[in-house]
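**Student:** This one is query_15.txt, compact mmCIF, C-alpha atoms and all ligand atoms.
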# COMPACT_ATOMS: atom_id res chain seq x y z
CA THR G 1 40.00 26.11 59.89
CA ILE G 2 43.13 27.81 61.13
CA GLN G 3 42.65 30.98 63.10
CA ARG G 4 44.58 34.04 61.93
CA LEU G 5 47.29 34.70 64.48
CA ASN G 6 48.13 38.10 65.88
CA PRO G 7 51.44 37.46 67.68
CA PHE G 8 51.28 40.92 69.28
CA LEU G 9 48.34 40.06 71.53
CA PRO G 10 49.03 39.99 75.28
CA GLU G 11 47.84 36.38 75.62
CA VAL G 12 50.74 35.24 73.43
CA MET G 13 53.45 36.69 75.69
CA PRO G 14 53.59 34.26 78.65
CA ASP G 15 54.17 31.25 76.39
CA PRO G 16 54.60 32.08 72.70
CA TYR G 17 56.06 28.58 72.16
CA LYS G 18 52.62 27.02 72.51
CA PHE G 19 51.42 29.13 69.57
CA TYR G 20 54.56 28.50 67.52
CA ARG G 21 54.22 24.74 67.95
CA TYR G 22 50.66 24.81 66.65
CA TYR G 23 51.45 26.90 63.57
CA ARG G 24 54.71 25.05 62.85
CA GLU G 25 52.63 21.95 62.55
CA HIS G 26 49.42 23.23 60.94
CA ASP G 27 50.31 26.32 58.90
CA PRO G 28 54.06 27.02 58.94
CA VAL G 29 53.79 29.91 56.45
CA HIS G 30 50.83 31.73 57.89
CA TRP G 31 48.97 34.86 56.70
CA GLY G 32 48.38 36.44 60.10
CA VAL G 33 47.35 39.82 61.47
CA SER G 34 49.98 42.53 60.97
CA SER G 35 51.26 44.75 63.79
CA ASN G 36 50.81 47.63 61.35
CA PRO G 37 47.06 48.33 61.09
CA ASN G 38 47.57 49.79 57.60
CA LEU G 39 48.76 46.48 56.18
CA PRO G 40 46.31 43.73 55.14
CA GLY G 41 48.43 41.06 56.83
CA THR G 42 51.87 39.64 57.42
CA TRP G 43 53.32 36.25 56.47
CA TYR G 44 54.55 34.68 59.70
CA ILE G 45 57.15 32.01 59.05
CA PHE G 46 57.62 29.36 61.74
CA ARG G 47 60.02 26.67 60.50
CA TYR G 48 63.81 26.89 60.81
CA GLN G 49 64.47 25.96 57.20
CA ASP G 50 62.05 28.54 55.78
CA VAL G 51 63.36 31.29 58.10
CA MET G 52 66.91 30.58 56.91
CA LYS G 53 65.82 30.57 53.27
CA VAL G 54 64.39 34.10 53.63
CA LEU G 55 67.41 35.38 55.58
CA GLU G 56 69.81 34.14 52.94
CA SER G 57 67.91 35.38 49.88
CA PRO G 58 68.36 38.83 48.28
CA LYS G 59 64.70 38.61 47.17
CA PHE G 60 63.83 39.86 50.66
CA GLY G 61 65.05 43.02 52.29
CA ARG G 62 64.42 45.87 54.64
CA GLU G 63 63.74 48.97 52.55
CA ALA G 64 60.01 49.70 52.41
CA SER G 65 60.67 52.43 49.84
CA LYS G 66 61.58 49.77 47.24
CA ILE G 67 58.07 48.37 47.16
CA ARG G 68 55.84 51.08 48.60
CA ASN G 69 55.68 54.75 47.81
CA ASP G 70 53.32 55.83 50.59
CA GLY G 71 55.95 55.69 53.32
CA GLU G 72 53.74 53.14 55.08
CA GLY G 73 55.82 50.39 56.58
CA ALA G 74 58.85 52.59 57.21
CA PRO G 75 60.29 51.81 60.64
CA VAL G 76 59.12 55.16 61.97
CA PRO G 77 56.26 57.37 60.67
CA LYS G 78 57.57 60.19 58.51
CA ALA G 79 55.94 62.77 60.78
CA TYR G 80 58.70 62.15 63.31
CA ARG G 81 61.38 63.68 61.18
CA GLY G 82 64.42 63.73 63.41
CA PHE G 83 63.87 60.18 64.55
CA SER G 84 62.93 58.78 61.14
CA SER G 85 65.83 60.38 59.27
CA MET G 86 68.26 59.23 61.95
CA VAL G 87 66.87 55.69 61.82
CA SER G 88 67.29 55.62 58.04
CA ASN G 89 71.05 55.61 58.70
CA TRP G 90 70.80 52.43 60.79
CA MET G 91 72.34 49.53 58.92
CA VAL G 92 69.68 47.15 60.18
CA PHE G 93 67.09 48.95 58.05
CA ARG G 94 69.23 49.10 54.90
CA ASP G 95 70.02 46.70 52.06
CA PRO G 96 73.26 46.50 50.09
CA PRO G 97 75.04 48.56 48.91
CA THR G 98 74.36 51.01 51.79
CA HIS G 99 74.26 48.17 54.32
CA THR G 100 77.56 46.76 53.09
CA ARG G 101 79.29 50.12 53.31
CA LEU G 102 78.07 50.91 56.85
CA ARG G 103 78.62 47.41 58.18
CA THR G 104 82.13 47.02 56.73
CA ILE G 105 83.29 50.23 58.35
CA VAL G 106 81.62 49.64 61.72
CA ASN G 107 82.80 45.99 61.80
CA LYS G 108 86.37 47.24 61.85
CA VAL G 109 85.92 49.06 65.13
CA PHE G 110 83.21 47.01 66.82
CA SER G 111 85.31 43.89 66.97
CA PRO G 112 85.79 40.89 69.28
CA LYS G 113 89.09 42.47 70.35
CA MET G 114 87.37 45.64 71.46
CA VAL G 115 84.92 43.57 73.46
CA GLU G 116 87.80 41.77 75.18
CA ASN G 117 89.20 45.16 76.19
CA VAL G 118 85.91 46.15 77.75
CA ARG G 119 85.52 42.99 79.88
CA PRO G 120 87.04 44.50 83.06
CA ALA G 121 84.65 47.46 82.76
CA ILE G 122 81.67 45.11 82.43
CA ILE G 123 82.77 43.25 85.55
CA GLY G 124 83.18 46.54 87.45
CA ILE G 125 79.77 47.85 86.41
CA THR G 126 78.04 44.55 87.20
CA ASP G 127 79.54 44.44 90.70
CA CYS G 128 78.71 48.06 91.33
CA LEU G 129 75.05 47.55 90.37
CA LEU G 130 74.80 44.60 92.69
CA ASP G 131 76.53 46.44 95.55
CA ARG G 132 73.73 49.02 95.47
CA VAL G 133 70.99 46.47 96.18
CA HIS G 134 72.81 43.64 97.93
CA PHE G 135 71.83 44.78 101.42
CA GLN G 136 68.15 45.07 100.53
CA GLY G 137 67.78 41.30 100.06
CA GLU G 138 65.61 41.87 97.01
CA MET G 139 65.53 43.78 93.74
CA ASP G 140 63.75 44.26 90.49
CA LEU G 141 66.16 42.46 88.20
CA VAL G 142 65.08 44.65 85.27
CA ASP G 143 65.19 48.15 86.79
CA ASP G 144 68.05 47.59 89.21
CA PHE G 145 70.34 45.45 87.11
CA ALA G 146 69.53 44.37 83.56
CA PHE G 147 68.33 47.79 82.33
CA PRO G 148 71.26 49.96 83.51
CA LEU G 149 74.00 47.44 82.70
CA PRO G 150 74.04 47.62 78.86
CA VAL G 151 73.52 51.41 78.85
CA MET G 152 76.47 51.87 81.20
CA VAL G 153 78.65 49.50 79.20
CA ILE G 154 78.00 51.09 75.83
CA ALA G 155 78.27 54.60 77.30
CA ASP G 156 81.65 53.57 78.69
CA MET G 157 82.75 52.21 75.31
CA LEU G 158 81.64 55.39 73.57
CA GLY G 159 83.72 57.39 76.02
CA VAL G 160 80.77 59.20 77.56
CA ASP G 161 81.29 60.96 80.89
CA PRO G 162 79.79 58.71 83.64
CA LYS G 163 77.89 61.70 85.03
CA ASP G 164 75.80 61.77 81.83
CA ARG G 165 74.64 58.17 82.21
CA PRO G 166 71.22 59.10 83.67
CA LEU G 167 70.53 61.14 80.53
CA PHE G 168 71.40 58.13 78.41
CA ARG G 169 69.13 55.99 80.49
CA LYS G 170 66.23 58.37 80.00
CA TRP G 171 66.73 58.71 76.25
CA ALA G 172 67.32 54.99 75.79
CA LEU G 173 64.00 54.27 77.46
CA ALA G 174 62.16 56.67 75.15
CA LEU G 175 63.75 55.20 72.02
CA GLN G 176 63.16 51.69 73.23
CA ASN G 177 59.46 52.43 73.63
CA ALA G 178 59.17 53.69 70.09
CA SER G 179 61.52 51.55 68.02
CA ALA G 180 59.87 48.27 68.98
CA SER G 181 56.81 47.24 67.00
CA ARG G 182 53.90 47.22 69.35
CA LEU G 183 50.17 47.33 69.02
CA LYS G 184 49.22 50.90 68.12
CA PRO G 185 52.14 52.98 69.37
CA SER G 186 50.68 56.22 70.66
CA PRO G 187 51.69 59.67 69.37
CA GLU G 188 53.15 60.47 72.81
CA ILE G 189 55.55 57.55 72.46
CA TYR G 190 56.85 58.96 69.20
CA GLU G 191 56.96 62.49 70.58
CA GLN G 192 59.10 61.34 73.47
CA ALA G 193 61.33 59.43 71.06
CA GLU G 194 61.60 62.53 68.92
CA ALA G 195 62.72 64.53 71.96
CA ALA G 196 65.16 61.80 72.99
CA THR G 197 66.59 61.68 69.46
CA GLN G 198 67.13 65.42 69.58
CA GLY G 199 68.80 65.00 72.97
CA PHE G 200 71.13 62.35 71.59
CA ILE G 201 71.83 64.30 68.41
CA ASP G 202 72.82 67.47 70.31
CA TYR G 203 74.88 65.42 72.73
CA PHE G 204 76.75 63.36 70.13
CA LYS G 205 77.31 66.34 67.83
CA LYS G 206 79.31 67.97 70.60
CA GLU G 207 81.14 64.74 71.39
CA ILE G 208 82.00 64.14 67.72
CA ALA G 209 83.27 67.71 67.31
CA LYS G 210 85.46 67.20 70.40
CA ARG G 211 86.91 63.95 68.99
CA HIS G 212 87.80 65.67 65.71
CA LEU G 213 89.96 68.10 67.72
CA GLU G 214 91.15 65.76 70.41
CA PRO G 215 90.98 62.06 69.50
CA GLY G 216 90.54 59.62 72.39
CA LYS G 217 90.69 55.86 72.69
CA ASP G 218 86.95 55.38 72.56
CA LEU G 219 84.43 54.09 70.06
CA ILE G 220 83.32 57.57 68.92
CA THR G 221 86.91 58.40 67.97
CA ALA G 222 87.24 55.04 66.20
CA LEU G 223 84.03 55.67 64.25
CA VAL G 224 85.11 59.19 63.32
CA LYS G 225 88.42 57.81 62.02
CA ALA G 226 87.12 54.61 60.42
CA ARG G 227 87.51 54.35 56.67
CA ASP G 228 87.11 51.73 54.03
CA GLU G 229 88.57 52.07 50.52
CA GLY G 230 88.08 55.80 50.38
CA ASN G 231 84.71 55.62 52.11
CA LYS G 232 84.19 56.96 55.55
CA LEU G 233 81.24 57.63 57.78
CA ASN G 234 80.01 61.20 57.72
CA ASP G 235 79.14 62.85 61.05
CA GLU G 236 75.45 62.02 60.67
CA GLU G 237 76.25 58.37 60.14
CA VAL G 238 78.61 58.31 63.13
CA LEU G 239 75.84 59.82 65.20
CA ALA G 240 73.17 57.39 63.96
CA THR G 241 75.55 54.48 64.53
CA CYS G 242 76.21 55.52 68.14
CA ILE G 243 72.47 55.61 68.79
CA HIS G 244 71.95 52.36 66.88
CA LEU G 245 74.58 50.54 68.96
CA LEU G 246 73.01 51.81 72.13
CA THR G 247 69.42 50.84 71.26
CA ALA G 248 70.17 47.57 69.42
CA GLY G 249 72.13 46.34 72.38
CA HIS G 250 69.78 47.57 75.05
CA GLU G 251 66.39 45.83 75.09
CA THR G 252 68.09 42.69 73.76
CA THR G 253 70.65 42.46 76.56
CA ILE G 254 68.03 43.29 79.21
CA ASN G 255 65.91 40.39 78.04
CA LEU G 256 68.81 37.99 77.64
CA ILE G 257 69.77 38.52 81.28
CA THR G 258 66.21 38.62 82.64
CA LYS G 259 64.87 35.63 80.72
CA GLY G 260 68.14 33.78 81.31
CA VAL G 261 67.69 34.16 85.07
CA LEU G 262 64.01 33.25 84.77
CA ALA G 263 64.75 30.06 82.83
CA LEU G 264 67.42 29.03 85.34
CA LEU G 265 65.24 29.74 88.38
CA ARG G 266 62.40 27.76 86.82
CA GLN G 267 64.68 24.82 86.09
CA PRO G 268 66.64 24.09 89.26
CA LYS G 269 68.50 21.16 87.69
CA ALA G 270 70.01 23.35 85.00
CA LEU G 271 70.80 26.01 87.60
CA LYS G 272 72.52 23.51 89.85
CA LEU G 273 74.54 22.15 86.95
CA LEU G 274 75.70 25.63 86.00
CA ARG G 275 76.59 26.54 89.57
CA SER G 276 78.73 23.45 89.91
CA HIS G 277 80.24 23.76 86.40
CA PRO G 278 80.84 27.45 85.73
CA GLU G 279 82.93 26.48 82.69
CA LEU G 280 79.60 25.67 81.01
CA MET G 281 78.66 29.37 81.02
CA PRO G 282 79.41 30.09 77.33
CA ALA G 283 77.38 27.04 76.25
CA ALA G 284 74.62 28.03 78.69
CA VAL G 285 74.37 31.56 77.28
CA GLU G 286 74.12 30.16 73.74
CA GLU G 287 71.48 27.65 74.77
CA LEU G 288 69.49 30.33 76.66
CA ILE G 289 69.38 32.40 73.46
CA ARG G 290 68.09 29.38 71.54
CA TYR G 291 65.66 28.35 74.26
CA ASP G 292 64.03 31.72 74.92
CA GLY G 293 65.79 34.40 72.90
CA PRO G 294 65.43 38.17 73.38
CA VAL G 295 64.44 38.70 69.72
CA GLN G 296 61.50 36.50 68.82
CA MET G 297 60.73 38.01 65.45
CA ILE G 298 62.45 40.01 62.70
CA SER G 299 60.88 41.58 59.63
CA ARG G 300 61.46 41.67 55.90
CA TRP G 301 59.71 42.84 52.71
CA ALA G 302 59.34 40.57 49.67
CA TYR G 303 60.85 42.24 46.60
CA GLU G 304 59.63 39.55 44.16
CA ASP G 305 56.94 36.88 43.99
CA ILE G 306 58.37 33.76 45.59
CA GLU G 307 57.10 30.44 46.93
CA ILE G 308 57.86 29.50 50.51
CA GLY G 309 56.49 26.17 51.70
CA ASP G 310 53.11 25.79 50.01
CA LYS G 311 52.39 29.53 49.82
CA LEU G 312 52.99 32.12 47.14
CA ILE G 313 54.36 35.28 48.67
CA ARG G 314 53.83 38.38 46.54
CA ARG G 315 56.16 41.30 45.88
CA GLY G 316 55.41 43.96 48.50
CA ASP G 317 54.16 41.55 51.19
CA SER G 318 55.44 41.93 54.73
CA ILE G 319 57.17 38.98 56.38
CA GLY G 320 57.66 38.14 60.07
CA LEU G 321 60.39 35.59 60.70
CA MET G 322 59.66 33.85 63.98
CA LEU G 323 63.18 33.20 65.26
CA GLY G 324 61.82 31.90 68.57
CA SER G 325 59.84 29.27 66.70
CA ALA G 326 62.70 28.31 64.36
CA ASN G 327 64.87 27.76 67.44
CA ARG G 328 62.36 25.24 68.79
CA ASP G 329 61.83 23.45 65.48
CA GLU G 330 61.86 19.71 66.19
CA GLU G 331 63.23 19.07 62.71
CA ARG G 332 66.34 20.99 63.60
CA PHE G 333 66.82 20.44 67.37
CA GLU G 334 66.37 17.27 69.33
CA ASN G 335 63.98 17.74 72.28
CA PRO G 336 63.73 21.44 71.43
CA ASP G 337 61.73 22.34 74.56
CA GLU G 338 64.50 21.11 76.81
CA LEU G 339 67.14 23.48 78.22
CA ASN G 340 70.30 21.49 77.59
CA PHE G 341 73.80 22.93 78.05
CA HIS G 342 75.36 19.93 76.34
CA ARG G 343 73.74 20.25 72.94
CA PRO G 344 76.08 19.10 70.20
CA GLU G 345 74.43 21.36 67.61
CA THR G 346 74.34 25.03 68.52
CA LYS G 347 73.56 26.86 65.31
CA HIS G 348 70.48 28.68 66.52
CA CYS G 349 69.17 31.78 64.73
CA GLY G 350 68.62 33.95 67.81
CA PHE G 351 71.14 36.49 66.45
CA GLY G 352 69.61 36.30 62.97
CA SER G 353 71.59 35.02 60.00
CA GLY G 354 73.03 36.26 56.72
CA ILE G 355 74.19 39.82 56.09
CA HIS G 356 72.41 41.32 59.14
CA PHE G 357 73.73 38.73 61.61
CA CYS G 358 73.97 40.55 64.94
CA LEU G 359 76.92 42.89 64.97
CA GLY G 360 76.94 42.95 68.77
CA SER G 361 76.87 39.19 69.39
CA PHE G 362 80.32 39.24 71.03
CA LEU G 363 79.36 42.02 73.39
CA ALA G 364 76.00 40.40 74.16
CA ARG G 365 77.67 37.10 75.04
CA ALA G 366 80.27 38.82 77.23
CA GLU G 367 77.68 40.93 79.07
CA ALA G 368 75.35 37.98 79.66
CA SER G 369 78.09 35.59 80.86
CA ILE G 370 79.51 38.17 83.25
CA ALA G 371 76.08 39.19 84.53
CA LEU G 372 74.90 35.61 85.12
CA ASN G 373 78.22 34.63 86.64
CA THR G 374 78.12 37.54 89.09
CA LEU G 375 74.50 36.89 90.05
CA LEU G 376 75.12 33.17 90.64
CA ASN G 377 78.33 33.77 92.60
CA ARG G 378 77.16 36.60 94.80
CA LEU G 379 73.56 35.49 95.33
CA PRO G 380 73.73 31.79 96.18
CA ASP G 381 70.05 31.59 97.15
CA LEU G 382 68.63 33.78 94.37
CA ARG G 383 64.90 33.10 93.92
CA LEU G 384 61.76 34.49 92.30
CA LYS G 385 59.57 36.55 94.60
CA ASN G 386 56.39 35.50 92.86
CA ASP G 387 55.35 33.26 90.03
CA SER G 388 53.15 35.58 88.07
CA ILE G 389 55.11 37.56 85.52
CA ASP G 390 54.19 40.87 83.98
CA TRP G 391 55.18 40.48 80.31
CA ALA G 392 55.83 43.45 78.04
CA ASN G 393 53.39 43.46 75.17
CA ASN G 394 56.03 42.95 72.53
CA ILE G 395 56.92 39.86 70.53
CA VAL G 396 59.88 41.46 68.78
CA PHE G 397 61.76 42.28 71.97
CA HIS G 398 60.13 39.72 74.21
CA GLY G 399 60.55 39.75 77.97
CA PRO G 400 59.13 40.63 81.39
CA LYS G 401 58.56 44.28 82.28
CA HIS G 402 59.83 43.56 85.77
CA LEU G 403 61.23 40.55 87.58
CA GLN G 404 61.18 40.67 91.37
CA VAL G 405 63.84 38.45 92.88
CA ALA G 406 64.94 37.86 96.47
CA PHE G 407 68.20 36.70 98.04
CA ARG G 408 69.89 36.57 101.39
CA SER G 409 71.28 39.94 102.30
CA PRO G 410 74.85 39.88 103.69
CA ARG G 411 73.42 41.60 106.81
CA GLU G 412 71.37 38.55 107.79
C1 LIG I 501 71.24 42.78 64.47
C2 LIG I 501 69.79 39.91 68.08
C3 LIG I 501 72.66 42.25 71.19
C4 LIG I 501 73.84 45.35 67.66
C5 LIG I 501 70.61 41.80 65.19
C6 LIG I 501 69.68 40.83 64.63
C7 LIG I 501 69.26 40.04 65.65
C8 LIG I 501 69.94 40.49 66.85
C9 LIG I 501 68.26 38.89 65.57
C10 LIG I 501 69.25 40.71 63.17
C11 LIG I 501 68.18 41.71 62.79
C12 LIG I 501 67.65 41.46 61.41
O1 LIG I 501 68.21 40.65 60.64
O2 LIG I 501 66.63 42.06 61.05
C13 LIG I 501 70.46 40.29 69.22
C14 LIG I 501 70.37 39.56 70.48
C15 LIG I 501 71.17 40.20 71.35
C16 LIG I 501 71.78 41.34 70.66
C17 LIG I 501 69.52 38.31 70.74
C18 LIG I 501 71.34 39.73 72.77
C19 LIG I 501 71.68 40.40 73.77
C20 LIG I 501 73.27 43.27 70.51
C21 LIG I 501 74.24 44.19 71.06
C22 LIG I 501 74.54 45.08 70.06
C23 LIG I 501 73.79 44.70 68.89
C24 LIG I 501 74.80 44.14 72.49
C25 LIG I 501 75.49 46.25 70.05
C26 LIG I 501 75.87 46.94 71.05
C27 LIG I 501 73.23 44.92 66.52
C28 LIG I 501 73.33 45.63 65.24
C29 LIG I 501 72.56 44.89 64.33
C30 LIG I 501 72.02 43.75 65.05
C31 LIG I 501 74.10 46.91 64.96
C32 LIG I 501 72.35 45.20 62.85
C33 LIG I 501 73.36 44.47 62.03
C34 LIG I 501 73.15 44.65 60.55
O3 LIG I 501 72.12 45.16 60.11
O4 LIG I 501 74.07 44.28 59.81
N1 LIG I 501 70.76 41.55 66.55
N2 LIG I 501 71.30 41.35 69.37
N3 LIG I 501 73.03 43.61 69.19
N4 LIG I 501 72.46 43.80 66.36
FE1 LIG I 501 71.97 42.51 67.83
Could you take the file, read its structure, and then write that structure out as structure tokens?

**Tutor:**
Amino acid sequence: TIQRLNPFLPEVMPDPYKFYRYYREHDPVHWGVSSNPNLPGTWYIFRYQDVMKVLESPKFGREASKIRNDGEGAPVPKAYRGFSSMVSNWMVFRDPPTHTRLRTIVNKVFSPKMVENVRPAIIGITDCLLDRVHFQGEMDLVDDFAFPLPVMVIADMLGVDPKDRPLFRKWALALQNASASRLKPSPEIYEQAEAATQGFIDYFKKEIAKRHLEPGKDLITALVKARDEGNKLNDEEVLATCIHLLTAGHETTINLITKGVLALLRQPKALKLLRSHPELMPAAVEELIRYDGPVQMISRWAYEDIEIGDKLIRRGDSIGLMLGSANRDEERFENPDELNFHRPETKHCGFGSGIHFCLGSFLARAEASIALNTLLNRLPDLRLKNDSIDWANNIVFHGPKHLQVAFRSPRE
């Protein structure tokens, strides 16, 4: 018999791929334990083809209200009003037509061109973070580097005063704790998120009002002005979008950088290749997302009865799409467990697929390439301080809580 999997258990975190391999082979559409204790179970889907089928079908979506009337399964419990009503304006939790409207407008301003403009700022921020710790000869890659980098970058893009960055850092941490599905989030976690939401709301309300009077060249101004065929974002949607961009790009970028460094330090051949061929960086970033991506799982609801593999999924069932497993599917990728910067086929699903395909993929790629480049160039003997890794208990945003690394200090 096949054991029911709970992918949120701590023992899964160090090597989820071992579990994925087993289920891909023995029960690729698996009725496992749900992260939400109020649900009877979740269908975990492990094969690339099945994951893509769900992502491309309108029979699956994100709005719990379409199939449940108890509010159960909403991204945030209704009791946390500020947070839950703000989150309901996040495009990632909406289906068409609301999703289409929000995404079309935001796409216009959050573009590859805008990311190109922000490159010099990313380089500056990356260097500055490294300057602070360079002389110590060691750092926590998460706290000292990967955590502050995306917050500073997005704050810069939004046109936020650099002196307010610590506030952003504090609020981002609170939201990050609550927005990720974890085992039994505690009421304190939601209370802190509620307070952080209020902090953000008050902050952005003032900023938005300022931009109405005095437009700048930043993302808030662009969002305030953005229109599409007579539609525009109202102030609440601008506000929710600012917070969405900050949180969606935060935990993900942290883990892309941290697990990217971890994979390279654990595989000296790949590291050596990349050091001697820096032009491989874009391919390396793409392969690192396939190999051990920041987002291991995304969720959907079934809106109709539908067969996937040999299972009948019922209207109202919850679905977990295991992107990390799909990206190691041997039917799709040759030698999937190998980190290979010369793969001919690169269509991984680490950024999702279909209408919700990651809006920030350009920014994520730019931040990760610059961060890895800077680390490799400035820290030629970068190494892990110890082998045991403290993994966050989270399969959605999967990564180490901390990563202690050492390097030669320029003083030595
Ligand atoms: C959506 C992954 C970085 C903004 C998504 C989705 C995935 C993903 C898998 C699809 C969610 C779903 O279908 O349920 C990643 C990864 C990143 C990253 C691996 C690596 C660093 C970023 C950044 C931003 C961002 C830097 C923005 C600053 C978004 C937004 C959505 C999204 C707004 C929702 C799009 C929609 O619903 O249409 N991302 N993301 N992401 N991502 Fe990312």

**Student:** So, counting only C-alpha atoms, which residue among G:Arg119, G:Lys385, G:Arg68, G:His348 is closest to Ser325 of chain G?

**Tutor:** G:His348

**Student:** Go ahead and compute the interatomic distance for atom CA of Ala248 of chain G and atom CA of Glu229 of chain G, in Å to one decimal.

**Tutor:** 26.8 Å

**Student:** If we count all atoms listed in the file, what is near Asp143 of chain G at a cut-off of 10 Å, once residues fewer than 6 positions away on the same chain are taken out, given as JSON, numbers by chain?

**Tutor:** {"G": [149, 254, 401, 402, 403, 404]}

**Student:** Within 7 Å of ligand LIG 501 (chain I), which residues show up when you count only C-alpha atoms and all ligand atoms? List them as a ChimeraX atom specification, please.

**Tutor:** /G:91-93,99,103,154,244-246,248-250,252-253,256,289,293-295,298-299,350-353,355-361,363-365

**Student:** For the atom pair atom CA of His30 of chain G and atom CA of Ser186 of chain G, what is the interatomic distance in Å to one decimal place?

**Tutor:** 27.6 Å

**Student:** Report as a PDB file with C-alpha atoms, in the coordinates of the input all protein, DNA and RNA residues lying within 10 Å of segment 81-89 of chain G, evaluated on all atoms listed in the file, omitting residues in the same chain fewer than 4 positions from it.

**Tutor:**
ATOM      1  CA  GLU G  63      63.740  48.970  52.550  1.00  0.00           C
ATOM      2  CA  ALA G  74      58.850  52.590  57.210  1.00  0.00           C
ATOM      3  CA  PRO G  75      60.290  51.810  60.640  1.00  0.00           C
ATOM      4  CA  VAL G  76      59.120  55.160  61.970  1.00  0.00           C
ATOM      5  CA  PRO G  77      56.260  57.370  60.670  1.00  0.00           C
ATOM      6  CA  PHE G  93      67.090  48.950  58.050  1.00  0.00           C
ATOM      7  CA  ARG G  94      69.230  49.100  54.900  1.00  0.00           C
ATOM      8  CA  THR G  98      74.360  51.010  51.790  1.00  0.00           C
ATOM      9  CA  HIS G  99      74.260  48.170  54.320  1.00  0.00           C
ATOM     10  CA  LEU G 102      78.070  50.910  56.850  1.00  0.00           C
ATOM     11  CA  LEU G 175      63.750  55.200  72.020  1.00  0.00           C
ATOM     12  CA  ALA G 178      59.170  53.690  70.090  1.00  0.00           C
ATOM     13  CA  SER G 179      61.520  51.550  68.020  1.00  0.00           C
ATOM     14  CA  TYR G 190      56.850  58.960  69.200  1.00  0.00           C
ATOM     15  CA  GLU G 191      56.960  62.490  70.580  1.00  0.00           C
ATOM     16  CA  ALA G 193      61.330  59.430  71.060  1.00  0.00           C
ATOM     17  CA  GLU G 194      61.600  62.530  68.920  1.00  0.00           C
ATOM     18  CA  ALA G 195      62.720  64.530  71.960  1.00  0.00           C
ATOM     19  CA  ALA G 196      65.160  61.800  72.990  1.00  0.00           C
ATOM     20  CA  THR G 197      66.590  61.680  69.460  1.00  0.00           C
ATOM     21  CA  GLN G 198      67.130  65.420  69.580  1.00  0.00           C
ATOM     22  CA  ILE G 201      71.830  64.300  68.410  1.00  0.00           C
ATOM     23  CA  GLU G 236      75.450  62.020  60.670  1.00  0.00           C
ATOM     24  CA  GLU G 237      76.250  58.370  60.140  1.00  0.00           C
ATOM     25  CA  VAL G 238      78.610  58.310  63.130  1.00  0.00           C
ATOM     26  CA  LEU G 239      75.840  59.820  65.200  1.00  0.00           C
ATOM     27  CA  ALA G 240      73.170  57.390  63.960  1.00  0.00           C
ATOM     28  CA  THR G 241      75.550  54.480  64.530  1.00  0.00           C
ATOM     29  CA  ILE G 243      72.470  55.610  68.790  1.00  0.00           C
ATOM     30  CA  HIS G 244      71.950  52.360  66.880  1.00  0.00           C
TER      31      HIS G 244
END
